[in-house]
file data15.cif (mmCIF, C-alpha atoms)
data_run
loop_
_atom_site.label_atom_id
_atom_site.label_comp_id
_atom_site.auth_asym_id
_atom_site.auth_seq_id
_atom_site.Cartn_x
_atom_site.Cartn_y
_atom_site.Cartn_z
CA MET C 1 25.80 -13.11 -19.77
CA GLU C 2 22.82 -14.95 -18.34
CA THR C 3 23.06 -12.79 -15.23
CA LEU C 4 23.04 -9.55 -17.20
CA ILE C 5 19.92 -10.55 -19.11
CA THR C 6 18.15 -11.56 -15.89
CA LEU C 7 19.08 -8.25 -14.30
CA VAL C 8 17.82 -6.23 -17.26
CA GLN C 9 14.60 -8.21 -17.19
CA ILE C 10 14.07 -7.64 -13.47
CA GLY C 11 14.87 -3.93 -13.77
CA ILE C 12 12.66 -3.26 -16.80
CA GLY C 13 9.91 -5.39 -15.29
CA ALA C 14 9.89 -3.44 -12.02
CA ALA C 15 10.21 -0.01 -13.63
CA LEU C 16 7.89 -0.22 -16.63
CA ILE C 17 5.88 -3.39 -17.14
CA ASN C 18 4.80 -4.02 -13.58
CA ASN C 19 5.18 -0.43 -12.45
CA PHE C 20 4.85 -0.25 -8.65
CA VAL C 21 2.23 2.49 -8.74
CA LEU C 22 0.27 1.75 -11.88
CA TYR C 23 0.28 -2.05 -11.75
CA TYR C 24 0.66 -3.04 -8.10
CA PHE C 25 -1.01 0.07 -6.61
CA VAL C 26 1.65 0.54 -3.94
CA GLY C 27 2.70 4.06 -3.01
CA ILE C 28 -0.63 5.57 -4.03
CA CYS C 29 -0.67 7.97 -1.05
CA PRO C 30 2.37 10.04 -2.15
CA PHE C 31 1.35 9.51 -5.78
CA LEU C 32 -1.87 11.43 -5.12
CA GLY C 33 -0.62 13.63 -2.29
CA VAL C 34 2.76 14.98 -3.49
CA SER C 35 2.07 15.17 -7.23
CA ARG C 36 0.99 18.81 -7.52
CA ARG C 37 4.35 20.23 -8.63
CA ILE C 38 7.08 18.60 -10.69
CA ASP C 39 10.02 19.54 -8.43
CA MET C 40 8.27 18.21 -5.31
CA ALA C 41 7.33 15.02 -7.16
CA PHE C 42 10.92 14.54 -8.32
CA GLY C 43 12.20 15.05 -4.75
CA MET C 44 9.76 12.47 -3.46
CA GLY C 45 10.75 10.04 -6.21
CA CYS C 46 14.46 10.41 -5.40
CA ALA C 47 13.82 9.95 -1.68
CA VAL C 48 11.81 6.77 -2.31
CA THR C 49 14.45 5.35 -4.69
CA PHE C 50 17.16 6.04 -2.13
CA VAL C 51 15.36 4.49 0.83
CA ILE C 52 13.99 1.55 -1.17
CA SER C 53 17.54 0.56 -2.21
CA ILE C 54 18.87 0.68 1.34
CA ALA C 55 15.85 -1.16 2.75
CA ALA C 56 16.12 -3.79 0.01
CA ALA C 57 19.81 -4.42 0.70
CA LEU C 58 19.16 -4.72 4.45
CA SER C 59 16.09 -6.89 4.11
CA TRP C 60 17.86 -9.17 1.62
CA THR C 61 20.67 -9.62 4.14
CA PHE C 62 18.32 -10.36 7.01
CA THR C 63 16.13 -12.66 4.94
CA TYR C 64 19.03 -14.57 3.41
CA PHE C 65 20.94 -15.20 6.61
CA ILE C 66 18.21 -15.28 9.25
CA LEU C 67 14.59 -15.38 8.10
CA ARG C 68 14.29 -17.71 5.12
CA PRO C 69 13.51 -21.41 5.61
CA GLY C 70 16.87 -23.15 6.00
CA ALA C 71 18.80 -19.96 6.74
CA PRO C 72 22.32 -20.54 8.06
CA LEU C 73 22.36 -18.40 11.20
CA PRO C 74 19.38 -19.78 13.17
CA ALA C 75 20.33 -23.33 12.15
CA TRP C 76 23.82 -22.77 13.53
CA VAL C 77 22.45 -21.31 16.78
CA TRP C 78 19.98 -24.19 17.08
CA GLU C 79 22.72 -26.77 16.66
CA THR C 80 24.97 -24.94 19.10
CA VAL C 81 22.33 -25.02 21.84
CA GLY C 82 21.89 -28.73 21.22
CA GLY C 83 18.91 -28.98 18.88
CA THR C 84 18.78 -32.07 16.72
CA SER C 85 16.77 -31.27 13.60
CA GLY C 86 18.48 -28.62 11.51
CA ASN C 87 15.25 -27.30 9.95
CA VAL C 88 14.62 -23.88 11.48
CA ASP C 89 12.12 -21.53 9.84
CA LEU C 90 11.81 -18.01 11.22
CA SER C 91 9.80 -16.59 8.32
CA VAL C 92 6.86 -15.89 10.65
CA LEU C 93 8.91 -13.03 12.06
CA SER C 94 9.59 -11.42 8.69
CA TYR C 95 6.85 -8.75 8.70
CA ILE C 96 7.88 -7.40 12.09
CA MET C 97 11.54 -7.50 11.01
CA TYR C 98 10.86 -5.60 7.79
CA ILE C 99 8.95 -2.86 9.59
CA PHE C 100 11.90 -2.48 11.97
CA VAL C 101 14.33 -2.37 9.06
CA ILE C 102 12.31 0.24 7.16
CA ALA C 103 11.67 2.49 10.16
CA GLY C 104 15.32 2.17 11.20
CA SER C 105 16.78 2.82 7.77
CA VAL C 106 14.56 5.88 7.24
CA GLN C 107 15.75 7.32 10.55
CA PHE C 108 19.36 6.52 9.74
CA VAL C 109 19.21 7.95 6.23
CA GLU C 110 17.62 11.12 7.56
CA MET C 111 20.37 11.62 10.15
CA TYR C 112 23.15 10.78 7.69
CA VAL C 113 21.89 13.07 4.95
CA ARG C 114 21.29 15.92 7.39
CA LYS C 115 24.84 15.65 8.74
CA PHE C 116 26.81 15.12 5.52
CA PHE C 117 24.68 16.52 2.68
CA PRO C 118 22.80 19.55 4.04
CA ALA C 119 21.88 20.77 0.54
CA LEU C 120 20.38 17.41 -0.35
CA TYR C 121 18.56 17.35 2.98
CA LYS C 122 16.98 20.69 2.19
CA SER C 123 15.65 19.42 -1.13
CA PHE C 124 14.16 16.10 -0.06
CA GLY C 125 14.57 15.82 3.70
CA VAL C 126 10.95 16.74 4.35
CA PHE C 127 9.77 13.65 2.50
CA LEU C 128 11.84 11.18 4.48
CA PRO C 129 9.60 10.73 7.53
CA LEU C 130 6.60 10.24 5.24
CA ILE C 131 8.29 7.27 3.63
CA THR C 132 8.11 5.02 6.70
CA THR C 133 4.49 4.24 5.94
CA ASN C 134 5.00 4.07 2.19
CA CYS C 135 3.77 0.70 1.01
CA ALA C 136 6.22 0.66 -1.92
CA ILE C 137 9.17 0.02 0.41
CA LEU C 138 7.49 -2.84 2.27
CA PHE C 139 6.28 -4.22 -1.04
CA ALA C 140 9.85 -4.37 -2.37
CA CYS C 141 10.94 -6.23 0.78
CA LEU C 142 8.06 -8.70 0.35
CA GLU C 143 8.93 -9.32 -3.30
CA ILE C 144 12.52 -10.05 -2.32
CA MET C 145 11.29 -12.39 0.41
CA LYS C 146 9.12 -14.22 -2.15
CA HIS C 147 12.23 -14.93 -4.24
CA LEU C 148 14.18 -16.26 -1.25
CA GLN C 149 11.77 -19.09 -0.39
CA ASP C 150 12.80 -21.74 -2.91
CA PRO C 151 16.29 -23.04 -2.02
CA THR C 152 17.04 -24.14 -5.60
CA ARG C 153 16.55 -20.67 -7.09
CA LEU C 154 17.63 -18.01 -4.59
CA TRP C 155 17.97 -14.38 -5.53
CA GLY C 156 21.37 -12.80 -4.93
CA LEU C 157 21.94 -9.31 -3.57
CA HIS C 158 22.43 -7.91 -7.08
CA GLU C 159 19.00 -9.14 -8.18
CA ALA C 160 17.32 -7.74 -5.08
CA LEU C 161 19.00 -4.37 -5.58
CA THR C 162 18.05 -4.26 -9.27
CA LEU C 163 14.41 -4.85 -8.34
CA ALA C 164 14.54 -2.07 -5.75
CA VAL C 165 16.27 0.49 -7.96
CA GLY C 166 14.04 -0.37 -10.93
CA GLY C 167 10.95 -0.05 -8.76
CA GLY C 168 12.13 3.27 -7.36
CA LEU C 169 12.86 4.65 -10.82
CA GLY C 170 9.47 3.47 -12.04
CA PHE C 171 7.83 5.23 -9.11
CA THR C 172 9.77 8.43 -9.89
CA LEU C 173 8.75 8.22 -13.54
CA ALA C 174 5.07 7.74 -12.69
CA ILE C 175 4.91 10.50 -10.08
CA VAL C 176 6.80 13.04 -12.25
CA LEU C 177 4.55 12.31 -15.24
CA MET C 178 1.54 12.67 -12.99
CA ALA C 179 2.78 16.00 -11.62
CA GLY C 180 3.34 17.29 -15.15
CA ILE C 181 -0.21 16.40 -16.14
CA ARG C 182 -1.66 17.90 -12.96
CA GLU C 183 0.19 21.19 -13.50
CA GLU C 184 -1.56 21.43 -16.87
CA LEU C 185 -4.88 20.35 -15.32
CA ASP C 186 -4.82 23.42 -13.08
CA MET C 187 -5.60 25.46 -16.17
CA CYS C 188 -8.53 23.27 -17.22
CA ASP C 189 -12.17 23.57 -16.31
CA VAL C 190 -12.70 20.35 -14.40
CA PRO C 191 -16.27 19.57 -13.20
CA LYS C 192 -16.58 20.48 -9.54
CA PRO C 193 -17.12 16.99 -8.02
CA LEU C 194 -14.12 15.61 -9.93
CA ARG C 195 -11.67 18.26 -8.72
CA GLY C 196 -8.68 17.07 -6.69
CA PRO C 197 -8.29 13.31 -6.23
CA GLY C 198 -11.14 12.33 -8.58
CA ILE C 199 -9.55 13.65 -11.75
CA ALA C 200 -6.11 12.52 -10.55
CA LEU C 201 -7.38 8.94 -10.27
CA ILE C 202 -8.90 9.05 -13.74
CA VAL C 203 -5.63 10.42 -15.17
CA ALA C 204 -3.83 7.60 -13.35
CA GLY C 205 -6.23 5.12 -14.94
CA ILE C 206 -5.40 6.39 -18.41
CA MET C 207 -1.68 6.31 -17.56
CA ALA C 208 -2.06 2.72 -16.39
CA MET C 209 -3.63 1.87 -19.74
CA ALA C 210 -0.66 3.44 -21.49
CA PHE C 211 1.76 1.48 -19.32
CA MET C 212 -0.05 -1.74 -20.26
CA GLY C 213 1.54 -1.20 -23.65
CA PHE C 214 4.91 -2.12 -22.14
CA ALA C 215 3.81 -5.74 -21.68
CA GLY C 216 6.20 -8.00 -23.57
CA VAL C 217 8.95 -5.42 -23.86
CA ASP C 218 11.16 -7.56 -21.62
CA ARG C 219 11.04 -10.47 -24.05
CA GLY C 220 12.02 -8.21 -26.94
CA ILE C 221 14.93 -6.80 -24.98
CA GLU C 222 15.98 -10.30 -23.95
CA ALA C 223 16.04 -11.43 -27.60
CA ALA C 224 17.91 -8.30 -28.70
CA LEU C 225 20.49 -8.66 -25.92
CA SER C 226 21.11 -12.33 -26.53
CA THR C 227 21.76 -11.76 -30.24
CA LEU C 228 23.91 -8.72 -29.47
CA LEU C 229 26.07 -10.45 -26.88
CA LYS C 230 26.51 -13.72 -28.77
CA MET L 1 -10.80 11.92 28.22
CA SER L 2 -11.53 15.52 27.38
CA PRO L 3 -15.23 16.48 27.02
CA SER L 4 -14.73 17.50 23.38
CA GLN L 5 -13.98 13.93 22.27
CA PRO L 6 -16.82 12.18 20.40
CA THR L 7 -18.75 9.44 22.18
CA ALA L 8 -18.77 5.78 21.17
CA ALA L 9 -22.01 6.08 19.20
CA GLU L 10 -20.73 9.13 17.31
CA ARG L 11 -17.46 7.38 16.49
CA PHE L 12 -19.38 4.36 15.21
CA ILE L 13 -21.70 6.38 12.95
CA ASN L 14 -18.88 8.66 11.74
CA GLY L 15 -16.84 5.73 10.52
CA ILE L 16 -19.56 4.42 8.24
CA LEU L 17 -20.46 7.44 6.11
CA PRO L 18 -19.62 10.96 7.39
CA GLU L 19 -15.91 10.11 7.79
CA ASN L 20 -15.79 7.12 5.45
CA PRO L 21 -12.11 6.10 5.31
CA VAL L 22 -12.01 5.69 1.54
CA TYR L 23 -14.41 8.27 0.11
CA ARG L 24 -13.99 11.02 2.68
CA GLN L 25 -10.46 10.61 4.03
CA LEU L 26 -8.77 8.92 1.02
CA LEU L 27 -6.96 6.46 3.27
CA GLY L 28 -6.00 2.87 2.57
CA MET L 29 -5.78 3.31 -1.19
CA CYS L 30 -3.57 0.28 -1.96
CA PRO L 31 -6.06 -2.45 -0.96
CA THR L 32 -8.96 -0.35 -2.21
CA LEU L 33 -7.53 -0.43 -5.70
CA ALA L 34 -5.71 -3.73 -5.70
CA VAL L 35 -8.13 -6.35 -4.42
CA THR L 36 -11.43 -5.03 -5.78
CA GLY L 37 -11.38 -6.94 -9.08
CA ALA L 38 -14.04 -9.24 -7.64
CA MET L 39 -16.21 -9.37 -4.53
CA GLU L 40 -14.67 -12.45 -2.93
CA PRO L 41 -11.08 -11.20 -2.46
CA ALA L 42 -12.44 -7.77 -1.54
CA MET L 43 -14.54 -9.19 1.28
CA THR L 44 -11.68 -11.39 2.52
CA MET L 45 -9.52 -8.28 2.60
CA VAL L 46 -12.19 -6.39 4.56
CA GLY L 47 -12.37 -9.25 7.05
CA ALA L 48 -8.61 -9.30 7.57
CA THR L 49 -8.39 -5.51 7.85
CA ALA L 50 -11.32 -5.41 10.28
CA PHE L 51 -9.66 -8.03 12.49
CA VAL L 52 -6.38 -6.11 12.56
CA LEU L 53 -8.08 -2.74 13.04
CA ILE L 54 -10.27 -3.91 15.93
CA SER L 55 -7.45 -5.77 17.70
CA ALA L 56 -4.93 -2.97 17.24
CA ASN L 57 -7.40 -0.32 18.40
CA VAL L 58 -8.31 -2.28 21.53
CA ILE L 59 -4.68 -3.02 22.44
CA THR L 60 -3.58 0.56 21.78
CA SER L 61 -6.44 1.85 23.89
CA LEU L 62 -5.49 -0.48 26.75
CA ILE L 63 -1.85 0.62 26.77
CA ARG L 64 -2.50 4.31 26.03
CA GLY L 65 -1.31 5.33 29.52
CA LEU L 66 2.12 3.82 28.86
CA LEU L 67 2.76 5.37 25.44
CA LYS L 68 5.65 7.81 25.09
CA PRO L 69 4.99 10.50 22.46
CA HIS L 70 8.14 9.92 20.39
CA LEU L 71 7.80 6.14 20.35
CA ARG L 72 4.08 5.84 19.79
CA ILE L 73 4.15 5.36 16.01
CA LEU L 74 6.66 2.52 16.37
CA VAL L 75 4.48 0.88 19.04
CA PHE L 76 1.41 1.19 16.80
CA THR L 77 3.25 -0.31 13.85
CA LEU L 78 4.61 -3.24 15.84
CA THR L 79 1.18 -3.98 17.32
CA ILE L 80 -0.32 -3.90 13.84
CA ALA L 81 2.47 -6.05 12.39
CA THR L 82 1.85 -8.70 15.05
CA PHE L 83 -1.85 -8.93 14.26
CA VAL L 84 -1.20 -8.89 10.53
CA THR L 85 1.12 -11.88 10.95
CA ILE L 86 -1.68 -13.69 12.80
CA ALA L 87 -4.22 -12.82 10.09
CA ASP L 88 -1.80 -13.85 7.34
CA ARG L 89 -1.04 -17.25 8.92
CA PHE L 90 -4.76 -17.78 9.54
CA LEU L 91 -5.68 -17.05 5.92
CA ALA L 92 -2.88 -19.27 4.65
CA ALA L 93 -4.08 -22.12 6.88
CA TYR L 94 -7.83 -21.99 6.24
CA VAL L 95 -8.42 -20.27 2.89
CA TYR L 96 -5.18 -21.02 1.08
CA GLU L 97 -6.46 -20.24 -2.44
CA MET L 98 -7.72 -16.83 -1.35
CA SER L 99 -4.49 -16.00 0.46
CA LYS L 100 -2.61 -16.74 -2.78
CA VAL L 101 -4.93 -14.41 -4.70
CA LEU L 102 -4.41 -11.63 -2.16
CA GLY L 103 -0.66 -12.26 -2.19
CA PRO L 104 1.41 -9.35 -0.86
CA TYR L 105 -1.64 -7.26 -0.03
CA VAL L 106 -2.25 -9.10 3.26
CA PRO L 107 1.16 -8.11 4.72
CA LEU L 108 0.66 -4.65 3.23
CA ILE L 109 -2.18 -4.14 5.76
CA ILE L 110 0.68 -3.17 8.11
CA VAL L 111 1.16 0.10 6.23
CA ASN L 112 -2.56 0.69 5.68
CA CYS L 113 -2.94 4.29 6.85
CA ILE L 114 -6.51 3.70 8.11
CA ILE L 115 -5.28 1.60 11.02
CA ILE L 116 -2.43 3.89 12.06
CA SER L 117 -4.68 6.93 11.81
CA ARG L 118 -7.37 5.30 14.01
CA CYS L 119 -4.75 4.33 16.60
CA GLU L 120 -3.42 7.88 16.56
CA ILE L 121 -6.71 9.81 16.44
CA CYS L 122 -8.98 7.67 18.57
CA ALA L 123 -7.49 4.69 20.42
CA SER L 124 -4.49 6.46 21.95
CA LYS L 125 -6.80 9.06 23.51
CA GLN L 126 -10.03 7.28 24.46
CA GLY L 127 -11.22 4.23 26.38
CA VAL L 128 -11.64 0.66 25.18
CA GLY L 129 -15.39 0.93 24.51
CA VAL L 130 -15.03 3.98 22.30
CA ALA L 131 -12.02 2.49 20.51
CA LEU L 132 -13.95 -0.72 19.81
CA ALA L 133 -16.98 1.16 18.47
CA ASP L 134 -14.70 3.33 16.35
CA ALA L 135 -12.88 0.32 14.91
CA ILE L 136 -16.13 -1.48 14.06
CA GLY L 137 -17.59 1.65 12.46
CA MET L 138 -14.46 2.27 10.41
CA SER L 139 -14.34 -1.38 9.32
CA LEU L 140 -17.96 -1.17 8.17
CA GLY L 141 -17.19 2.02 6.26
CA PHE L 142 -14.14 0.41 4.66
CA GLY L 143 -16.21 -2.68 3.82
CA LEU L 144 -18.93 -0.54 2.25
CA ALA L 145 -16.41 1.32 0.11
CA LEU L 146 -14.65 -1.84 -1.08
CA ALA L 147 -17.97 -3.55 -1.74
CA SER L 148 -19.16 -0.65 -3.91
CA ILE L 149 -15.99 -0.62 -6.00
CA ALA L 150 -15.81 -4.42 -6.29
CA THR L 151 -19.48 -4.59 -7.30
CA VAL L 152 -18.99 -2.16 -10.17
CA ARG L 153 -15.76 -3.81 -11.31
CA GLU L 154 -16.91 -7.40 -11.10
CA ILE L 155 -20.30 -6.82 -12.75
CA LEU L 156 -18.88 -4.75 -15.61
CA GLY L 157 -15.68 -6.75 -15.96
CA LYS L 158 -16.98 -10.30 -15.74
CA GLY L 159 -20.78 -10.02 -15.67
CA GLU L 160 -20.72 -11.75 -12.30
CA TRP L 161 -21.25 -10.89 -8.64
CA PHE L 162 -19.64 -13.10 -6.00
CA GLY L 163 -18.99 -15.55 -8.82
CA VAL L 164 -22.71 -15.75 -9.73
CA THR L 165 -23.60 -14.70 -13.26
CA VAL L 166 -25.65 -11.51 -13.21
CA LEU L 167 -25.50 -10.20 -16.75
CA GLY L 168 -26.32 -12.75 -19.41
CA GLU L 169 -24.29 -14.21 -22.23
CA ALA L 170 -24.88 -11.13 -24.35
CA TRP L 171 -22.73 -8.96 -22.07
CA PRO L 172 -19.33 -8.24 -23.64
CA ASN L 173 -17.05 -8.44 -20.61
CA TRP L 174 -15.14 -5.21 -20.17
CA GLY L 175 -11.78 -6.80 -19.55
CA ILE L 176 -10.22 -3.47 -18.68
CA MET L 177 -12.40 -3.19 -15.55
CA ALA L 178 -10.73 -6.23 -14.02
CA LEU L 179 -7.26 -4.85 -14.84
CA PRO L 180 -5.41 -2.04 -13.00
CA PRO L 181 -6.76 0.86 -15.15
CA GLY L 182 -10.33 -0.16 -14.32
CA ALA L 183 -9.57 0.21 -10.62
CA PHE L 184 -8.34 3.79 -11.04
CA LEU L 185 -11.25 4.77 -13.29
CA THR L 186 -13.92 3.19 -11.06
CA LEU L 187 -12.56 4.76 -7.89
CA GLY L 188 -12.19 8.17 -9.57
CA LEU L 189 -15.78 8.15 -10.85
CA LEU L 190 -17.27 6.79 -7.61
CA LEU L 191 -15.35 9.45 -5.70
CA ALA L 192 -16.82 12.09 -7.98
CA LEU L 193 -20.29 10.59 -7.38
CA ALA L 194 -19.78 10.73 -3.60
CA ASN L 195 -18.59 14.35 -3.85
CA TRP L 196 -21.53 15.25 -6.08
CA ILE L 197 -24.06 13.78 -3.61
CA GLY L 198 -22.29 15.56 -0.76
CA GLN L 199 -22.38 18.89 -2.57
CA ARG L 200 -26.05 18.47 -3.52
CA ARG L 201 -26.95 17.77 0.10
CA ALA L 202 -24.94 20.75 1.34
CA GLU L 203 -26.64 23.00 -1.20
CA ALA L 204 -30.10 21.68 -0.26
CA LEU L 205 -29.30 22.27 3.42
CA ALA L 206 -28.10 25.80 2.73
CA ALA L 207 -31.23 26.54 0.67
CA ARG L 208 -33.50 25.23 3.44
CA GLU L 209 -31.74 27.34 6.08
CA LYS L 210 -32.10 30.39 3.85
CA GLY L 211 -35.80 29.58 3.48
CA THR L 212 -36.42 29.40 7.22
CA GLU L 213 -34.54 32.67 7.78
CA GLY L 214 -36.46 34.50 5.09
#

call {"tool": "encode", "arguments": {"input": "data15.cif", "output": "structure tokens"}}
result
Amino acid sequence: METLITLVQIGIGAALINNFVLYYFVGICPFLGVSRRIDMAFGMGCAVTFVISIAAALSWTFTYFILRPGAPLPAWVWETVGGTSGNVDLSVLSYIMYIFVIAGSVQFVEMYVRKFFPALYKSFGVFLPLITTNCAILFACLEIMKHLQDPTRLWGLHEALTLAVGGGLGFTLAIVLMAGIREELDMCDVPKPLRGPGIALIVAGIMAMAFMGFAGVDRGIEAALSTLLK
Amino acid sequence: MSPSQPTAAERFINGILPENPVYRQLLGMCPTLAVTGAMEPAMTMVGATAFVLISANVITSLIRGLLKPHLRILVFTLTIATFVTIADRFLAAYVYEMSKVLGPYVPLIIVNCIIISRCEICASKQGVGVALADAIGMSLGFGLALASIATVREILGKGEWFGVTVLGEAWPNWGIMALPPGAFLTLGLLLALANWIGQRRAEALAAREKGTEG
């Protein structure tokens, strides 16, 4: 019961309240670059959600077993080679590791989808290479790492995955909304200097204001769930 | 080096205004929006980015003969990630409070497109001197852009600049400017201002040329 409520909170928090694009400003490049048409925006959103989940699962695994302070694997290796103090901290390597994981999983996903789901590859395959330098993916890995530092309150794989999927869905929501607004904007008379990214940023600003209205929703849902499940 | 490549001085000048990374190329948007709530974190961010950009450009330029085309992006990213780790540890050791404020945005320098694009466009093709000049110019341009946004946001949002009160007690702080929507609005309007100035100058230039012809 407790777990379910925590998961809902993490998911809603990542998707709506602290939306990756409109609150943390990660993934702005595709948000401005690929938001001209709704179908393209939706393809990009799906590709990001897909890769972010895989990267999150992999980076949780690496962080939990290897990179976090007091991780089991390096401690075991250290003791095997004859080290005395069991306190091994490899977290300095985490950034390099995450970049490897992201670049590798993007490559792998691209190959897998091209081989087994050619139709899917046609619809969002073109976006996959772009995602390697998408900050949203690295940001999700860093958030997961932040929650694996304190040994008394470690995130499990399910929590990490909920954060990633919620973040990906929030990104999809923001980029599809943006594309819808920009399709309508094409028919408007926008002042010349504002055309293109200028007006897109201002629209994003107003959207961010609207998303600020979600603040506190998680507490309401928590209260509703706990009365419902009692 | 092919003769068509710009010289060091051109690279340096280009980075500051004509090819400003933020206003002209729209690169590096995450830090531009995220850390510009006040001048102090913005300038720390510029310092860290400049360090990584200069180091990565110099290293990439030194090893440009060894790069294989299909592996070059990975090499760039790993070089950048190494320097970002150094910058992150340094900030955490010497300015701990600031590194907590910047939070995940220091490691996110790894995926800052400005650095990868400079490695790709300039450092992997030209010598160390040109790469260094290019990196310094680009860093100055990035710093200028962040400073302009942070100035607007901090003065309107808190009535302060670098933590010093500028607008008096009577100023009703526009809280929204310090929050995420303010970042989008400020950047959008400043971008429009930059475009407007650019268009005005282009028109004036065209009018002058027409005048000399006629």

call {"tool": "axis_aligned_box", "arguments": {"input": "data15.cif", "around": "stretch 108-114 of chain L", "padding_each_side": "8 Å", "output": "lines of an AutoDock Vina configuration file"}}
result
center_x = -2.7
center_y = -0.2
center_z = 5.7
size_x = 23.7
size_y = 24.9
size_z = 20.9

call {"tool": "resolve_selection", "arguments": {"input": "data15.cif", "expression": "the PyMOL selection byres ((chain C) within 6 of (chain L))", "output": "ChimeraX atom specification"}}
result
/C:23,25-26,96,133,135,193-194,198,201-202,205,208-209

call {"tool": "write_last_selection", "arguments": {"input": "data15.cif", "atoms": "C-alpha atoms", "output": "PDB file, in the frame of the given file"}}
result
ATOM      1  CA  TYR C  23       0.280  -2.050 -11.750  1.00  0.00           C
ATOM      2  CA  PHE C  25      -1.010   0.070  -6.610  1.00  0.00           C
ATOM      3  CA  VAL C  26       1.650   0.540  -3.940  1.00  0.00           C
ATOM      4  CA  ILE C  96       7.880  -7.400  12.090  1.00  0.00           C
ATOM      5  CA  THR C 133       4.490   4.240   5.940  1.00  0.00           C
ATOM      6  CA  CYS C 135       3.770   0.700   1.010  1.00  0.00           C
ATOM      7  CA  PRO C 193     -17.120  16.990  -8.020  1.00  0.00           C
ATOM      8  CA  LEU C 194     -14.120  15.610  -9.930  1.00  0.00           C
ATOM      9  CA  GLY C 198     -11.140  12.330  -8.580  1.00  0.00           C
ATOM     10  CA  LEU C 201      -7.380   8.940 -10.270  1.00  0.00           C
ATOM     11  CA  ILE C 202      -8.900   9.050 -13.740  1.00  0.00           C
ATOM     12  CA  GLY C 205      -6.230   5.120 -14.940  1.00  0.00           C
ATOM     13  CA  ALA C 208      -2.060   2.720 -16.390  1.00  0.00           C
ATOM     14  CA  MET C 209      -3.630   1.870 -19.740  1.00  0.00           C
TER      15      MET C 209
END

call {"tool": "atom_distance", "arguments": {"input": "data15.cif", "atom1": "atom CA of L:Ala50", "atom2": "atom CA of L:Leu132"}}
result
10.9 Å

call {"tool": "atom_distance", "arguments": {"input": "data15.cif", "atom1": "atom CA of L:Gln5", "atom2": "atom CA of L:Ala202"}}
result
24.6 Å

call {"tool": "resolve_selection", "arguments": {"input": "data15.cif", "expression": "the PyMOL selection byres ((chain L and resi 49) around 10)", "output": "list in words"}}
result
Pro31, Met43, Thr44, Met45, Val46, Gly47, Ala48, Ala50, Phe51, Val52, Leu53, Ile54, Ser55, Phe83, Val84, Ala87, Val106, Ile109, Ile110, Asn112, Ile114, Ile115, Ser139, Phe142 and Gly143 of chain L

call {"tool": "resolve_selection", "arguments": {"input": "data15.cif", "expression": "the PyMOL selection byres ((chain L and resi 164-172) around 12)", "output": "PyMOL selection string"}}
result
chain L and resi 38-40+151-152+154-163+173-177

call {"tool": "residues_around", "arguments": {"input": "data15.cif", "residues": "stretch 140-142 of chain C", "least_positions_apart": "6", "cutoff": "12 Å", "atoms": "all atoms listed in the file", "output": "NGL selection string"}}
result
(:C and (14 or 19-20 or 24 or 26-27 or 48-49 or 51-64 or 68 or 91 or 94-102 or 134 or 148-149 or 159-168 or 171)) or (:L and (103-108))

call {"tool": "atom_distance", "arguments": {"input": "data15.cif", "atom1": "atom CA of L:Leu66", "atom2": "atom CA of L:Thr7"}}
result
22.6 Å

call {"tool": "closest_residue", "arguments": {"input": "data15.cif", "among": "C:Leu185, C:Val21, C:Val88, C:Leu128", "to": "C:Arg36", "atoms": "all atoms listed in the file"}}
result
C:Leu185

call {"tool": "decode", "arguments": {"input": "data15.cif", "residues": "stretch 90-96 of chain L", "atoms": "N, CA, C and O atoms", "output": "mmCIF file, in the first residue's frame"}}
result
data_model
loop_
_atom_site.group_PDB
_atom_site.id
_atom_site.type_symbol
_atom_site.label_atom_id
_atom_site.label_comp_id
_atom_site.auth_asym_id
_atom_site.auth_seq_id
_atom_site.Cartn_x
_atom_site.Cartn_y
_atom_site.Cartn_z
ATOM 1 N N PHE L 90 35.564 19.824 -8.264
ATOM 2 C CA PHE L 90 36.178 21.081 -7.851
ATOM 3 C C PHE L 90 35.143 21.994 -7.200
ATOM 4 O O PHE L 90 35.366 22.535 -6.115
ATOM 5 N N LEU L 91 33.979 22.121 -7.865
ATOM 6 C CA LEU L 91 32.934 22.990 -7.311
ATOM 7 C C LEU L 91 32.466 22.460 -5.961
ATOM 8 O O LEU L 91 32.260 23.217 -5.023
ATOM 9 N N ALA L 92 32.306 21.133 -5.864
ATOM 10 C CA ALA L 92 31.823 20.557 -4.615
ATOM 11 C C ALA L 92 32.834 20.774 -3.501
ATOM 12 O O ALA L 92 32.473 20.909 -2.332
ATOM 13 N N ALA L 93 34.137 20.836 -3.849
ATOM 14 C CA ALA L 93 35.158 20.976 -2.816
ATOM 15 C C ALA L 93 35.321 22.421 -2.365
ATOM 16 O O ALA L 93 35.532 22.675 -1.186
ATOM 17 N N TYR L 94 35.225 23.377 -3.303
ATOM 18 C CA TYR L 94 35.560 24.759 -2.944
ATOM 19 C C TYR L 94 34.353 25.674 -2.791
ATOM 20 O O TYR L 94 34.403 26.612 -2.022
ATOM 21 N N VAL L 95 33.308 25.488 -3.592
ATOM 22 C CA VAL L 95 32.110 26.321 -3.408
ATOM 23 C C VAL L 95 30.910 25.399 -3.230
ATOM 24 O O VAL L 95 30.064 25.259 -4.101
ATOM 25 N N TYR L 96 30.859 24.738 -2.080
ATOM 26 C CA TYR L 96 29.875 23.684 -1.863
ATOM 27 C C TYR L 96 28.446 24.187 -1.992
ATOM 28 O O TYR L 96 27.614 23.564 -2.643
#
